[in-house]
file start_38.txt (compact mmCIF, C-alpha atoms)
# COMPACT_ATOMS: atom_id res chain seq x y z
CA MET Q 23 9.84 -19.26 17.43
CA ASP Q 24 11.68 -20.69 14.47
CA ARG Q 25 13.26 -18.33 12.01
CA VAL Q 26 12.42 -18.47 8.32
CA GLY Q 27 15.04 -17.85 5.68
CA ASP Q 28 14.70 -16.09 2.39
CA PRO Q 29 16.49 -17.45 -0.70
CA GLY Q 30 19.50 -15.23 0.17
CA GLY Q 31 19.86 -16.90 3.55
CA VAL Q 32 18.56 -14.01 5.70
CA LEU Q 33 16.70 -15.22 8.78
CA VAL Q 34 13.51 -13.54 9.99
CA VAL Q 35 11.68 -14.02 13.28
CA VAL Q 36 8.35 -12.75 14.65
CA GLY Q 37 8.92 -9.28 16.04
CA ASP Q 38 11.53 -8.25 13.47
CA ARG Q 39 10.90 -4.87 11.84
CA VAL Q 40 11.62 -5.19 8.14
CA PHE Q 41 11.93 -3.28 4.87
CA ILE Q 42 10.02 -5.36 2.32
CA CYS Q 43 8.71 -4.97 -1.22
CA LEU Q 44 5.18 -6.03 -2.10
CA PRO Q 45 5.09 -8.38 -5.07
CA PRO Q 46 3.46 -7.19 -8.30
CA GLY Q 47 -0.30 -7.60 -8.15
CA ALA Q 48 -3.53 -6.12 -6.84
CA ALA Q 49 -2.22 -5.11 -3.38
CA LEU Q 50 0.70 -3.21 -4.88
CA GLU Q 51 -1.50 -1.49 -7.46
CA LEU Q 52 -4.07 -0.48 -4.84
CA GLY Q 53 -1.34 0.86 -2.56
CA ARG Q 54 0.23 2.85 -5.37
CA SER Q 55 -3.05 4.22 -6.77
CA ARG Q 56 -4.26 5.39 -3.36
CA GLY Q 57 -0.93 6.85 -2.29
CA TYR Q 58 -0.27 4.32 0.47
CA ILE Q 59 3.03 3.40 -1.20
CA GLY Q 60 5.35 6.03 -2.61
CA PRO Q 61 8.03 5.77 -5.29
CA GLY Q 62 11.12 3.65 -4.73
CA LEU Q 63 13.26 0.71 -5.76
CA CYS Q 64 10.70 -2.12 -5.61
CA ALA Q 65 8.63 -3.64 -8.43
CA GLY Q 66 6.76 -1.02 -10.38
CA ARG Q 67 9.15 1.61 -9.00
CA THR Q 68 7.35 1.65 -5.65
CA GLY Q 69 8.90 2.04 -2.24
CA PRO Q 70 9.29 -0.70 0.34
CA LEU Q 71 7.05 -1.05 3.35
CA ILE Q 72 8.46 -0.88 6.87
CA LYS Q 73 6.46 -3.31 9.00
CA THR Q 74 6.80 -5.71 11.92
CA VAL Q 75 6.65 -9.45 11.25
CA ALA Q 76 3.60 -10.70 13.16
CA ALA Q 77 3.52 -14.31 11.89
CA LEU Q 78 5.56 -16.79 9.87
CA GLY Q 79 4.65 -19.73 7.67
CA GLY Q 80 2.58 -22.33 9.53
CA GLN Q 81 0.97 -19.88 11.94
CA THR Q 82 -2.80 -19.35 11.82
CA ILE Q 83 -4.33 -15.92 11.27
CA ALA Q 84 -7.98 -15.28 12.17
CA VAL Q 85 -9.62 -12.00 11.21
CA ASP Q 86 -12.78 -10.60 12.78
CA ARG Q 87 -12.95 -7.16 14.42
CA LEU Q 88 -9.25 -7.64 15.08
CA VAL Q 89 -6.54 -10.14 14.16
CA THR Q 90 -5.45 -13.16 16.17
CA VAL Q 91 -2.28 -15.15 15.57
CA ASP Q 92 -2.51 -18.76 16.75
CA GLY Q 93 -5.49 -17.73 18.90
CA ARG Q 94 -3.74 -14.77 20.58
CA PRO Q 95 -5.00 -11.24 19.85
CA LEU Q 96 -2.55 -9.07 17.92
CA PRO Q 97 -2.41 -5.67 19.68
CA HIS Q 98 -3.58 -2.65 17.67
CA SER Q 99 -4.98 -4.86 14.90
CA GLU Q 100 -8.51 -3.53 14.53
CA ILE Q 101 -9.91 -3.95 11.03
CA HIS Q 102 -11.23 -0.86 9.25
CA ALA Q 103 -13.86 -1.05 6.49
CA ALA Q 104 -12.55 2.15 4.88
CA ASP Q 105 -9.39 4.22 4.79
CA ALA Q 106 -9.10 7.81 6.10
CA ALA Q 107 -10.50 9.12 2.80
CA GLY Q 108 -13.59 6.90 3.11
CA ARG Q 109 -12.51 4.47 0.35
CA PRO Q 110 -13.46 0.85 1.05
CA LEU Q 111 -10.82 -1.62 2.22
CA ALA Q 112 -11.18 -5.36 1.73
CA ARG Q 113 -9.74 -7.39 4.59
CA TYR Q 114 -7.62 -10.50 4.38
CA ALA Q 115 -9.78 -13.56 5.01
CA GLY Q 116 -7.29 -15.27 7.32
CA GLY Q 117 -5.92 -18.79 7.29
CA VAL Q 118 -2.58 -20.52 7.70
CA VAL Q 119 0.38 -18.41 6.56
CA PRO Q 120 2.04 -20.33 3.71
CA THR Q 121 5.67 -21.39 4.01
CA GLY Q 122 7.99 -18.70 2.70
CA ARG Q 123 5.56 -15.87 3.50
CA LEU Q 124 5.33 -13.28 6.27
CA TYR Q 125 2.28 -11.71 7.87
CA LEU Q 126 3.14 -8.03 8.40
CA HIS Q 127 1.68 -5.58 10.88
CA SER Q 128 1.99 -2.03 12.14
CA ASP Q 129 0.54 -0.62 15.37
CA PHE Q 130 -0.55 2.49 13.45
CA ALA Q 131 -4.33 2.31 12.96
CA GLY Q 132 -4.17 3.59 9.37
CA SER Q 133 -1.45 1.20 8.26
CA TYR Q 134 -1.67 -0.62 4.94
CA ASP Q 135 -0.47 -4.04 6.03
CA SER Q 136 -1.34 -7.74 5.93
CA ARG Q 137 -4.71 -7.04 7.54
CA TYR Q 138 -5.73 -5.95 4.04
CA PHE Q 139 -3.43 -7.79 1.60
CA GLY Q 140 -2.45 -10.96 3.46
CA PRO Q 141 0.97 -12.62 3.82
CA VAL Q 142 3.77 -11.57 1.47
CA PRO Q 143 6.77 -13.51 0.10
CA VAL Q 144 9.87 -13.37 2.28
CA SER Q 145 11.80 -13.04 -1.00
CA GLY Q 146 10.78 -9.34 -1.04
CA LEU Q 147 12.82 -8.70 2.12
CA LEU Q 148 15.33 -5.89 1.67
CA GLY Q 149 16.63 -5.69 5.24
CA PHE Q 150 15.86 -4.89 8.84
CA ALA Q 151 14.80 -1.55 10.35
CA GLU Q 152 15.59 -0.08 13.75
CA PRO Q 153 13.66 2.86 15.18
CA VAL Q 154 15.83 5.95 15.54
CA LEU Q 155 13.22 8.59 16.34
CA THR Q 156 9.57 7.74 16.84
CA PHE Q 157 6.42 9.68 17.71
CA THR Q 158 2.74 8.97 18.04
CA PRO Q 159 0.56 11.04 15.69
call {"tool": "encode", "arguments": {"input": "start_38.txt", "output": "structure tokens"}}
result
Amino acid sequence: MDRVGDPGGVLVVVGDRVFICLPPGAALELGRSRGYIGPGLCAGRTGPLIKTVAALGGQTIAVDRLVTVDGRPLPHSEIHAADAAGRPLARYAGGVVPTGRLYLHSDFAGSYDSRYFGPVPVSGLLGFAEPVLTFTP
């Protein structure tokens, strides 16, 4: 898979785990208002997300009961109509990921990720994350 570069020259590939800021807009506001995103150094003084890059610009995302990337099912990508508090969640409609954007995913069922807000600009990339200690809730 080709790597995509951000304006600072950092290269990203599918499978990379990244720290990334959501751009200002509806997804950021929803995440902040519902407590999905805590305080931090990103726009609006929100924290970055830590997600895995599931698709790059040019790849096709289809969304039904789960997500497929270029026709291949994305593991642990079931779509939920509501969050754990019963509040409705709109899903991303799918389509071709635009150049310069990343489709982000987490295996955690309750994750706020691109399943709900779509691809995000690679320009929000802060760096890469490595698991140190993990557990399954």
call {"tool": "closest_residue", "arguments": {"input": "start_38.txt", "among": "Q:Gly132, Q:Pro70, Q:Gly47, Q:Gly93", "to": "Leu148 of chain Q", "atoms": "only C-alpha atoms"}}
result
Q:Pro70
call {"tool": "residues_near_point", "arguments": {"input": "start_38.txt", "point": "(0.8, 0.8, -2.7)", "cutoff": "10 Å", "atoms": "only C-alpha atoms", "output": "mmCIF file with C-alpha atoms, in the coordinates of the input"}}
result
data_model
loop_
_atom_site.group_PDB
_atom_site.id
_atom_site.type_symbol
_atom_site.label_atom_id
_atom_site.label_comp_id
_atom_site.auth_asym_id
_atom_site.auth_seq_id
_atom_site.Cartn_x
_atom_site.Cartn_y
_atom_site.Cartn_z
ATOM 1 C CA CYS Q 43 8.710 -4.970 -1.220
ATOM 2 C CA LEU Q 44 5.180 -6.030 -2.100
ATOM 3 C CA ALA Q 48 -3.530 -6.120 -6.840
ATOM 4 C CA ALA Q 49 -2.220 -5.110 -3.380
ATOM 5 C CA LEU Q 50 0.700 -3.210 -4.880
ATOM 6 C CA GLU Q 51 -1.500 -1.490 -7.460
ATOM 7 C CA LEU Q 52 -4.070 -0.480 -4.840
ATOM 8 C CA GLY Q 53 -1.340 0.860 -2.560
ATOM 9 C CA ARG Q 54 0.230 2.850 -5.370
ATOM 10 C CA SER Q 55 -3.050 4.220 -6.770
ATOM 11 C CA ARG Q 56 -4.260 5.390 -3.360
ATOM 12 C CA GLY Q 57 -0.930 6.850 -2.290
ATOM 13 C CA TYR Q 58 -0.270 4.320 0.470
ATOM 14 C CA ILE Q 59 3.030 3.400 -1.200
ATOM 15 C CA GLY Q 60 5.350 6.030 -2.610
ATOM 16 C CA PRO Q 61 8.030 5.770 -5.290
ATOM 17 C CA GLY Q 66 6.760 -1.020 -10.380
ATOM 18 C CA THR Q 68 7.350 1.650 -5.650
ATOM 19 C CA GLY Q 69 8.900 2.040 -2.240
ATOM 20 C CA PRO Q 70 9.290 -0.700 0.340
ATOM 21 C CA LEU Q 71 7.050 -1.050 3.350
ATOM 22 C CA TYR Q 134 -1.670 -0.620 4.940
#
call {"tool": "closest_residue", "arguments": {"input": "start_38.txt", "among": "Q:Val36, Q:Val89, Q:Ile72, Q:Ile83", "to": "Pro153 of chain Q", "atoms": "only C-alpha atoms"}}
result
Q:Ile72
call {"tool": "atom_distance", "arguments": {"input": "start_38.txt", "atom1": "atom CA of Val118 of chain Q", "atom2": "atom CA of Gly149 of chain Q"}}
result
24.4 Å
call {"tool": "closest_residue", "arguments": {"input": "start_38.txt", "among": "Q:His102, Q:Ala131, Q:Ala107, Q:Ala76", "to": "Val40 of chain Q", "atoms": "all atoms listed in the file"}}
result
Q:Ala76
call {"tool": "residues_around", "arguments": {"input": "start_38.txt", "residues": "Ala112 of chain Q", "least_positions_apart": "3", "cutoff": "12 Å", "atoms": "only C-alpha atoms", "output": "list of chain:residue names"}}
result
Q:Ala48, Q:Ala49, Q:Leu52, Q:Val85, Q:Ile101, Q:His102, Q:Ala103, Q:Ala104, Q:Asp105, Q:Arg109, Q:Ala115, Q:Tyr134, Q:Asp135, Q:Ser136, Q:Arg137, Q:Tyr138, Q:Phe139, Q:Gly140
call {"tool": "closest_residue", "arguments": {"input": "start_38.txt", "among": "Q:Gly116, Q:Val144, Q:Ser99, Q:Cys64", "to": "Arg87 of chain Q", "atoms": "only C-alpha atoms"}}
result
Q:Ser99
call {"tool": "closest_residue", "arguments": {"input": "start_38.txt", "among": "Q:Asp92, Q:Glu152, Q:Asp129, Q:Asp86", "to": "Arg39 of chain Q", "atoms": "only C-alpha atoms"}}
result
Q:Glu152
call {"tool": "closest_residue", "arguments": {"input": "start_38.txt", "among": "Q:Leu147, Q:Pro97, Q:Gly108, Q:Pro141", "to": "Pro120 of chain Q", "atoms": "all atoms listed in the file"}}
result
Q:Pro141
call {"tool": "atom_distance", "arguments": {"input": "start_38.txt", "atom1": "atom CA of Leu124 of chain Q", "atom2": "atom CA of Val34 of chain Q"}}
result
9.0 Å
call {"tool": "atom_distance", "arguments": {"input": "start_38.txt", "atom1": "atom CA of Leu96 of chain Q", "atom2": "atom CA of Phe130 of chain Q"}}
result
12.6 Å
